[in-house]
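In what follows, a single structure is set out as structure tokens and then discussed.
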Amino acid sequence: MTLSAEHADHASSLRRWLLAPEPQGRFQSSAQQFHQGWLKFRLHPLGLAGLAIIGLLVLVALAAPLLTRYDPIVQDMAGRLAPPSAEHWLGTDNFGRDVFSRVIYGARTTLYIIMLVSVIVAPMGLLIGTCSGYFGGIVDEVLMRITDIFLSFPGLVLALGFAAALGPGITNAIIAISLTAWPPIARLARAETLSLRKADFIAAVRLQGATPMAIITRHILPMCIPSVIVRVTLNMAGIIITAAGLGFLGLGAQPPWPEWGAMAATGREFMLDSPWVIAAPGIAIALVSLAFNLVDDALRDVLDPRGSE
């Protein structure tokens with residue numbers, strides 16, 4: 001058997017495994033669900049474009065040392081505010097640092113913030129929302145009134161307040177953004193839980209002696225995850241804008257570390273004579289935010305069965 005024929009046979013076997021009418025085990029079932037979701041996602045060209053941009057962002061962040069020979073924090077005052085050229089593709093800033101190098105290293109900072117905020121707010125909002133919806137009564141009142149307090153303030157304003165209280169720095173900025181990003185997820189998880197807690201399968205599990213926490217963690221949480229994934233993806237653009245806003249005001253990542261918001265703040269002083277200093281990070285912020293919004297639109301159709309029918 002030739003290598004190409006063997007490869008085709010493996011691909012055919014994998015396809016039959018993914019399309020089997022009766023999955024054998026949880027792993028095969030999960031793989032089939034992912035495969036079906038990917039097939040639906042492929043029907044959204046704008047979603048694919050957004051996913052490609054996000055994938056490119058990840059690759060650029062991982063391969064940053066290979067894509068540029070300039071250190072993003074090393075200054076060269078002799079070459080400050082140099083226009084774009086073959087030597088410096090996006091020019092240099094007011095300290096002579098290569099703007100292209102700082103933009104691609106700034107992608108690392110952006111991904112770092114997105115990942116940590118998502119890891120914090122998704123479980124936090126999901127747990128608070130499901131507990132509130134399932135237990136009801138005083139638990140629901142207390143948790144939802146706390147949620148309402150956070151929701152009563154604009155997210156960016158509240159994040160600025162927390163960041164100002166905690167002090168400048170990327171860690172404090174992540175904490176501030178996380179404290180403002182979980183309430184919408186909690187509200188969504190509560191609504192999903194309210195529609196599930198009186199379902200027949202939940203009643204059956206309860207009659208079998210399952211504890212409330214077992215019901216929440218094993219049965220309700222998995223049912224809420226698809227909606228939460230869509231909401232977290234939608235939050236990504238807001239997280240990027242909020243992080244850039246904090247960096248712009250000097251409350252996020254601190255100099256000389258490259259961060260798109262801080263770079264835009266520096267570039268505003270030279271936007272008339274040297275527009276490339278502010279244009280590069282500004283375009284990066286807008287492009288990545290748009291990419292996450294496009295992916296969210298596609299995921300909403302894929303993961304929400306009510307929206308796809």
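Letters A, B, ... mark the chains of the structure tokens in the order given; residue numbers begin at 1 per chain; ligand numbers begin at 1, in order shown.
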
Which neighbours of Gly282 in chain A fall inside 10 Å, counting only C-alpha atoms, when residues of the same chain fewer than 3 positions from it are skipped, and could you give them as a PDB file with N, CA and C atoms, in the first residue's frame?
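Resulting contents of selection.pdb:
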ATOM      1  N   VAL A 103       4.404  46.241  17.892  1.00  0.00           N
ATOM      2  CA  VAL A 103       3.037  45.790  17.616  1.00  0.00           C
ATOM      3  C   VAL A 103       2.925  44.280  17.761  1.00  0.00           C
ATOM      4  N   ALA A 244      -7.046  48.169  26.263  1.00  0.00           N
ATOM      5  CA  ALA A 244      -6.381  49.262  25.535  1.00  0.00           C
ATOM      6  C   ALA A 244      -6.682  50.605  26.190  1.00  0.00           C
ATOM      7  N   TRP A 260      -0.714  47.786  23.104  1.00  0.00           N
ATOM      8  CA  TRP A 260      -1.302  48.605  22.044  1.00  0.00           C
ATOM      9  C   TRP A 260      -1.917  49.888  22.566  1.00  0.00           C
ATOM     10  N   GLY A 261      -2.615  49.844  23.685  1.00  0.00           N
ATOM     11  CA  GLY A 261      -3.222  51.054  24.231  1.00  0.00           C
ATOM     12  C   GLY A 261      -2.181  52.073  24.654  1.00  0.00           C
ATOM     13  N   MET A 263       0.829  52.287  23.494  1.00  0.00           N
ATOM     14  CA  MET A 263       1.467  52.774  22.271  1.00  0.00           C
ATOM     15  C   MET A 263       0.627  53.861  21.622  1.00  0.00           C
ATOM     16  N   ALA A 264      -0.693  53.676  21.616  1.00  0.00           N
ATOM     17  CA  ALA A 264      -1.581  54.698  21.053  1.00  0.00           C
ATOM     18  C   ALA A 264      -1.498  55.985  21.861  1.00  0.00           C
ATOM     19  N   GLY A 267       1.593  57.696  20.828  1.00  0.00           N
ATOM     20  CA  GLY A 267       1.535  58.178  19.457  1.00  0.00           C
ATOM     21  C   GLY A 267       0.641  59.379  19.250  1.00  0.00           C
ATOM     22  N   TRP A 276       2.232  57.205  11.776  1.00  0.00           N
ATOM     23  CA  TRP A 276       2.416  55.761  11.851  1.00  0.00           C
ATOM     24  C   TRP A 276       2.556  55.274  13.297  1.00  0.00           C
ATOM     25  N   VAL A 277       2.967  56.148  14.199  1.00  0.00           N
ATOM     26  CA  VAL A 277       3.177  55.738  15.590  1.00  0.00           C
ATOM     27  C   VAL A 277       1.856  55.338  16.246  1.00  0.00           C
ATOM     28  N   ILE A 278       0.785  56.070  15.938  1.00  0.00           N
ATOM     29  CA  ILE A 278      -0.518  55.761  16.520  1.00  0.00           C
ATOM     30  C   ILE A 278      -1.365  54.891  15.595  1.00  0.00           C
ATOM     31  N   ALA A 279      -1.107  54.951  14.279  1.00  0.00           N
ATOM     32  CA  ALA A 279      -1.939  54.200  13.335  1.00  0.00           C
ATOM     33  C   ALA A 279      -1.752  52.693  13.497  1.00  0.00           C
ATOM     34  N   ILE A 285      -5.798  47.090  17.165  1.00  0.00           N
ATOM     35  CA  ILE A 285      -6.917  46.987  18.110  1.00  0.00           C
ATOM     36  C   ILE A 285      -8.234  46.804  17.360  1.00  0.00           C
ATOM     37  N   ALA A 286      -8.454  47.625  16.328  1.00  0.00           N
ATOM     38  CA  ALA A 286      -9.708  47.554  15.576  1.00  0.00           C
ATOM     39  C   ALA A 286      -9.845  46.221  14.844  1.00  0.00           C
ATOM     40  N   LEU A 287      -8.773  45.741  14.240  1.00  0.00           N
ATOM     41  CA  LEU A 287      -8.829  44.515  13.451  1.00  0.00           C
ATOM     42  C   LEU A 287      -9.102  43.297  14.323  1.00  0.00           C
TER      43      LEU A 287
END

Could you pull out all residues of range 24-183 of chain A with a DSSP call of helix (DSSP H, G or I) and give them as a count of residues only?
-> 119

Nearby residues (only C-alpha atoms) at most 10 Å from range 38-54 of chain A, same-chain spacing under 2 positions excluded, as JSON, numbers by chain | {"A": [32, 33, 34, 35, 36, 56, 57, 58, 59, 60, 111, 287, 288, 289, 290, 291, 292, 293, 294, 295, 296, 297, 298, 299, 300, 301, 302, 303, 308]}

Grab the residues selected above and save them as a tab-separated table (two decimals), in the first residue's frame with N, CA, C and O atoms.
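Full text of again05.tsv as output:
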chain	number	residue	atom	x	y	z
A	32	GLN	N	-17.68	13.98	17.72
A	32	GLN	CA	-18.73	14.13	16.72
A	32	GLN	C	-19.42	15.48	16.83
A	32	GLN	O	-19.73	16.12	15.82
A	33	GLN	N	-19.67	15.92	18.06
A	33	GLN	CA	-20.30	17.24	18.25
A	33	GLN	C	-19.39	18.34	17.73
A	33	GLN	O	-19.86	19.30	17.09
A	34	PHE	N	-18.09	18.23	18.00
A	34	PHE	CA	-17.14	19.24	17.49
A	34	PHE	C	-17.12	19.23	15.97
A	34	PHE	O	-17.09	20.29	15.33
A	35	HIS	N	-17.13	18.05	15.38
A	35	HIS	CA	-17.11	17.93	13.92
A	35	HIS	C	-18.35	18.56	13.30
A	35	HIS	O	-18.26	19.31	12.31
A	36	GLN	N	-19.51	18.27	13.88
A	36	GLN	CA	-20.74	18.86	13.37
A	36	GLN	C	-20.74	20.38	13.53
A	36	GLN	O	-21.20	21.11	12.64
A	56	LEU	N	-3.92	34.08	13.02
A	56	LEU	CA	-2.72	34.83	12.65
A	56	LEU	C	-2.17	35.58	13.85
A	56	LEU	O	-0.95	35.65	14.05
A	57	LEU	N	-3.07	36.14	14.67
A	57	LEU	CA	-2.63	36.84	15.88
A	57	LEU	C	-1.87	35.90	16.81
A	57	LEU	O	-0.81	36.26	17.35
A	58	VAL	N	-2.38	34.69	16.98
A	58	VAL	CA	-1.72	33.71	17.86
A	58	VAL	C	-0.35	33.33	17.28
A	58	VAL	O	0.65	33.27	18.02
A	59	LEU	N	-0.30	33.08	15.98
A	59	LEU	CA	0.97	32.71	15.35
A	59	LEU	C	1.99	33.84	15.46
A	59	LEU	O	3.17	33.60	15.75
A	60	VAL	N	1.54	35.08	15.24
A	60	VAL	CA	2.44	36.23	15.34
A	60	VAL	C	2.96	36.36	16.77
A	60	VAL	O	4.15	36.63	16.98
A	111	LEU	N	-3.08	38.85	24.07
A	111	LEU	CA	-3.50	37.47	24.28
A	111	LEU	C	-3.39	37.06	25.74
A	111	LEU	O	-4.24	36.32	26.26
A	287	LEU	N	-8.77	45.74	14.24
A	287	LEU	CA	-8.83	44.51	13.45
A	287	LEU	C	-9.10	43.30	14.32
A	287	LEU	O	-9.94	42.45	13.98
A	288	VAL	N	-8.41	43.21	15.45
A	288	VAL	CA	-8.61	42.05	16.34
A	288	VAL	C	-9.99	42.09	16.98
A	288	VAL	O	-10.65	41.05	17.12
A	289	SER	N	-10.46	43.26	17.37
A	289	SER	CA	-11.81	43.38	17.93
A	289	SER	C	-12.85	42.95	16.91
A	289	SER	O	-13.81	42.23	17.23
A	290	LEU	N	-12.68	43.38	15.66
A	290	LEU	CA	-13.61	42.98	14.60
A	290	LEU	C	-13.58	41.47	14.38
A	290	LEU	O	-14.63	40.84	14.18
A	291	ALA	N	-12.39	40.88	14.44
A	291	ALA	CA	-12.27	39.43	14.23
A	291	ALA	C	-13.05	38.66	15.29
A	291	ALA	O	-13.75	37.69	14.97
A	292	PHE	N	-12.94	39.06	16.54
A	292	PHE	CA	-13.67	38.37	17.60
A	292	PHE	C	-15.17	38.55	17.43
A	292	PHE	O	-15.95	37.62	17.71
A	293	ASN	N	-15.61	39.70	16.99
A	293	ASN	CA	-17.04	39.91	16.76
A	293	ASN	C	-17.56	39.02	15.63
A	293	ASN	O	-18.67	38.49	15.70
A	294	LEU	N	-16.78	38.86	14.56
A	294	LEU	CA	-17.18	38.00	13.45
A	294	LEU	C	-17.26	36.54	13.89
A	294	LEU	O	-18.19	35.82	13.52
A	295	VAL	N	-16.27	36.10	14.67
A	295	VAL	CA	-16.30	34.72	15.17
A	295	VAL	C	-17.49	34.51	16.10
A	295	VAL	O	-18.14	33.46	16.07
A	296	ASP	N	-17.80	35.51	16.91
A	296	ASP	CA	-18.94	35.40	17.82
A	296	ASP	C	-20.26	35.24	17.05
A	296	ASP	O	-21.10	34.42	17.43
A	297	ASP	N	-20.42	36.00	15.98
A	297	ASP	CA	-21.65	35.89	15.18
A	297	ASP	C	-21.81	34.47	14.63
A	297	ASP	O	-22.92	33.92	14.62
A	298	ALA	N	-20.69	33.88	14.17
A	298	ALA	CA	-20.77	32.52	13.64
A	298	ALA	C	-21.01	31.51	14.75
A	298	ALA	O	-21.81	30.58	14.60
A	299	LEU	N	-20.34	31.67	15.88
A	299	LEU	CA	-20.53	30.74	17.00
A	299	LEU	C	-21.95	30.78	17.53
A	299	LEU	O	-22.48	29.76	17.97
A	300	ARG	N	-22.56	31.96	17.50
A	300	ARG	CA	-23.93	32.06	17.99
A	300	ARG	C	-24.87	31.18	17.17
A	300	ARG	O	-25.75	30.51	17.71
A	301	ASP	N	-24.67	31.15	15.86
A	301	ASP	CA	-25.49	30.31	15.02
A	301	ASP	C	-25.17	28.83	15.20
A	301	ASP	O	-26.05	27.97	15.11
A	302	VAL	N	-23.90	28.53	15.45
A	302	VAL	CA	-23.49	27.13	15.58
A	302	VAL	C	-23.93	26.52	16.91
A	302	VAL	O	-24.45	25.40	16.95
A	303	LEU	N	-23.74	27.27	18.00
A	303	LEU	CA	-23.97	26.72	19.33
A	303	LEU	C	-25.38	26.93	19.87
A	303	LEU	O	-25.77	26.29	20.84
A	308	SER	N	-30.41	28.63	14.97
A	308	SER	CA	-30.04	28.01	13.70
A	308	SER	C	-31.20	27.36	12.99
A	308	SER	O	-31.05	26.82	11.91

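Interatomic distance, CA of Gly155 in chain A to CA of Ser132 in chain A: 22.0 Å.
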
Can you tell me which residues surround Val205 in chain A at a distance of at most 10 Å, considering only C-alpha atoms, apart from same-chain residues fewer than 4 positions away, and format the answer as a PDB file with N, CA, C and O atoms, in the first residue's frame?
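Below is the file that was written, out_16.pdb:
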ATOM      1  N   ASP A 200     -37.626  17.588  33.155  1.00  0.00           N
ATOM      2  CA  ASP A 200     -37.909  16.229  33.621  1.00  0.00           C
ATOM      3  C   ASP A 200     -36.632  15.480  33.998  1.00  0.00           C
ATOM      4  O   ASP A 200     -36.619  14.738  34.998  1.00  0.00           O
ATOM      5  N   PHE A 201     -35.568  15.646  33.233  1.00  0.00           N
ATOM      6  CA  PHE A 201     -34.356  14.891  33.543  1.00  0.00           C
ATOM      7  C   PHE A 201     -33.712  15.384  34.840  1.00  0.00           C
ATOM      8  O   PHE A 201     -33.097  14.602  35.566  1.00  0.00           O
ATOM      9  N   GLY A 209     -31.484  10.813  44.200  1.00  0.00           N
ATOM     10  CA  GLY A 209     -30.691  11.169  45.370  1.00  0.00           C
ATOM     11  C   GLY A 209     -29.494  12.052  45.113  1.00  0.00           C
ATOM     12  O   GLY A 209     -28.646  12.227  45.999  1.00  0.00           O
ATOM     13  N   ALA A 210     -29.394  12.630  43.911  1.00  0.00           N
ATOM     14  CA  ALA A 210     -28.262  13.511  43.613  1.00  0.00           C
ATOM     15  C   ALA A 210     -28.341  14.780  44.453  1.00  0.00           C
ATOM     16  O   ALA A 210     -29.426  15.330  44.671  1.00  0.00           O
ATOM     17  N   THR A 211     -27.192  15.254  44.941  1.00  0.00           N
ATOM     18  CA  THR A 211     -27.136  16.479  45.725  1.00  0.00           C
ATOM     19  C   THR A 211     -27.270  17.693  44.806  1.00  0.00           C
ATOM     20  O   THR A 211     -27.012  17.593  43.589  1.00  0.00           O
ATOM     21  N   PRO A 212     -27.664  18.845  45.358  1.00  0.00           N
ATOM     22  CA  PRO A 212     -27.779  20.044  44.513  1.00  0.00           C
ATOM     23  C   PRO A 212     -26.497  20.393  43.769  1.00  0.00           C
ATOM     24  O   PRO A 212     -26.537  20.748  42.582  1.00  0.00           O
ATOM     25  N   ALA A 214     -24.123  18.348  42.887  1.00  0.00           N
ATOM     26  CA  ALA A 214     -23.901  17.359  41.830  1.00  0.00           C
ATOM     27  C   ALA A 214     -24.785  17.653  40.625  1.00  0.00           C
ATOM     28  O   ALA A 214     -24.356  17.521  39.474  1.00  0.00           O
ATOM     29  N   ILE A 215     -26.018  18.056  40.883  1.00  0.00           N
ATOM     30  CA  ILE A 215     -26.925  18.401  39.778  1.00  0.00           C
ATOM     31  C   ILE A 215     -26.394  19.605  39.017  1.00  0.00           C
ATOM     32  O   ILE A 215     -26.408  19.637  37.778  1.00  0.00           O
ATOM     33  N   HIS A 219     -24.950  18.346  35.478  1.00  0.00           N
ATOM     34  CA  HIS A 219     -26.074  18.375  34.542  1.00  0.00           C
ATOM     35  C   HIS A 219     -26.410  19.787  34.036  1.00  0.00           C
ATOM     36  O   HIS A 219     -26.675  19.958  32.853  1.00  0.00           O
TER      37      HIS A 219
END

Give me the residues within 9 Å of Gly106 in chain A as an MDAnalysis selection string, counting only C-alpha atoms and dropping any in the same chain fewer than 3 places off.
-> chainID A and resid 61 101:103 109:111 257:260 281

Which is closest to Tyr134 in chain A among A:Ser195, A:Thr68, A:Ser227, A:Thr233, if we use only C-alpha atoms?
->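 Of A:Ser195, A:Thr68, A:Ser227, A:Thr233, the one nearest Tyr134 in chain A, counting only C-alpha atoms, is A:Ser195.
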
Of the residues A:Met144, A:Ile149, A:Leu251, A:Ala189, which is the one nearest to Val232 in chain A, using only C-alpha atoms?
->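 Selected residue with least distance to Val232 in chain A: A:Ala189.
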
Write out as a VMD selection string which residues come within 10 Å of range 77-88 of chain A when counting only C-alpha atoms, dropping same-chain ones fewer than 6 positions away.
-> chain A and resid 68 70 94 to 101 270 273 to 277

Store the residues picked out above in a file with C-alpha atoms, as a PDB file, in the first residue's frame.
ATOM      1  CA  THR A  68      11.697  40.819  13.751  1.00  0.00           C
ATOM      2  CA  TYR A  70      14.576  44.419  16.806  1.00  0.00           C
ATOM      3  CA  ASN A  94       9.691  58.780  19.749  1.00  0.00           C
ATOM      4  CA  PHE A  95      12.359  56.639  21.414  1.00  0.00           C
ATOM      5  CA  GLY A  96      13.605  55.090  18.180  1.00  0.00           C
ATOM      6  CA  ARG A  97      11.991  51.720  18.895  1.00  0.00           C
ATOM      7  CA  ASP A  98      10.754  49.706  15.918  1.00  0.00           C
ATOM      8  CA  VAL A  99       6.945  50.074  15.766  1.00  0.00           C
ATOM      9  CA  PHE A 100       6.442  46.777  13.908  1.00  0.00           C
ATOM     10  CA  SER A 101       8.375  44.941  16.622  1.00  0.00           C
ATOM     11  CA  PHE A 270       2.940  62.844  17.185  1.00  0.00           C
ATOM     12  CA  ASP A 273       3.800  64.721  11.996  1.00  0.00           C
ATOM     13  CA  SER A 274       4.333  60.957  12.522  1.00  0.00           C
ATOM     14  CA  PRO A 275       0.945  59.258  12.146  1.00  0.00           C
ATOM     15  CA  TRP A 276       2.416  55.761  11.851  1.00  0.00           C
ATOM     16  CA  VAL A 277       3.177  55.738  15.590  1.00  0.00           C
TER      17      VAL A 277
END

Quick one: everything within 8 Å of Arg187 in chain A, counting only C-alpha atoms, minus sequence neighbours fewer than 5 positions away in the same chain. Send it as a ChimeraX atom specification.
-> /A:125,129,144,147
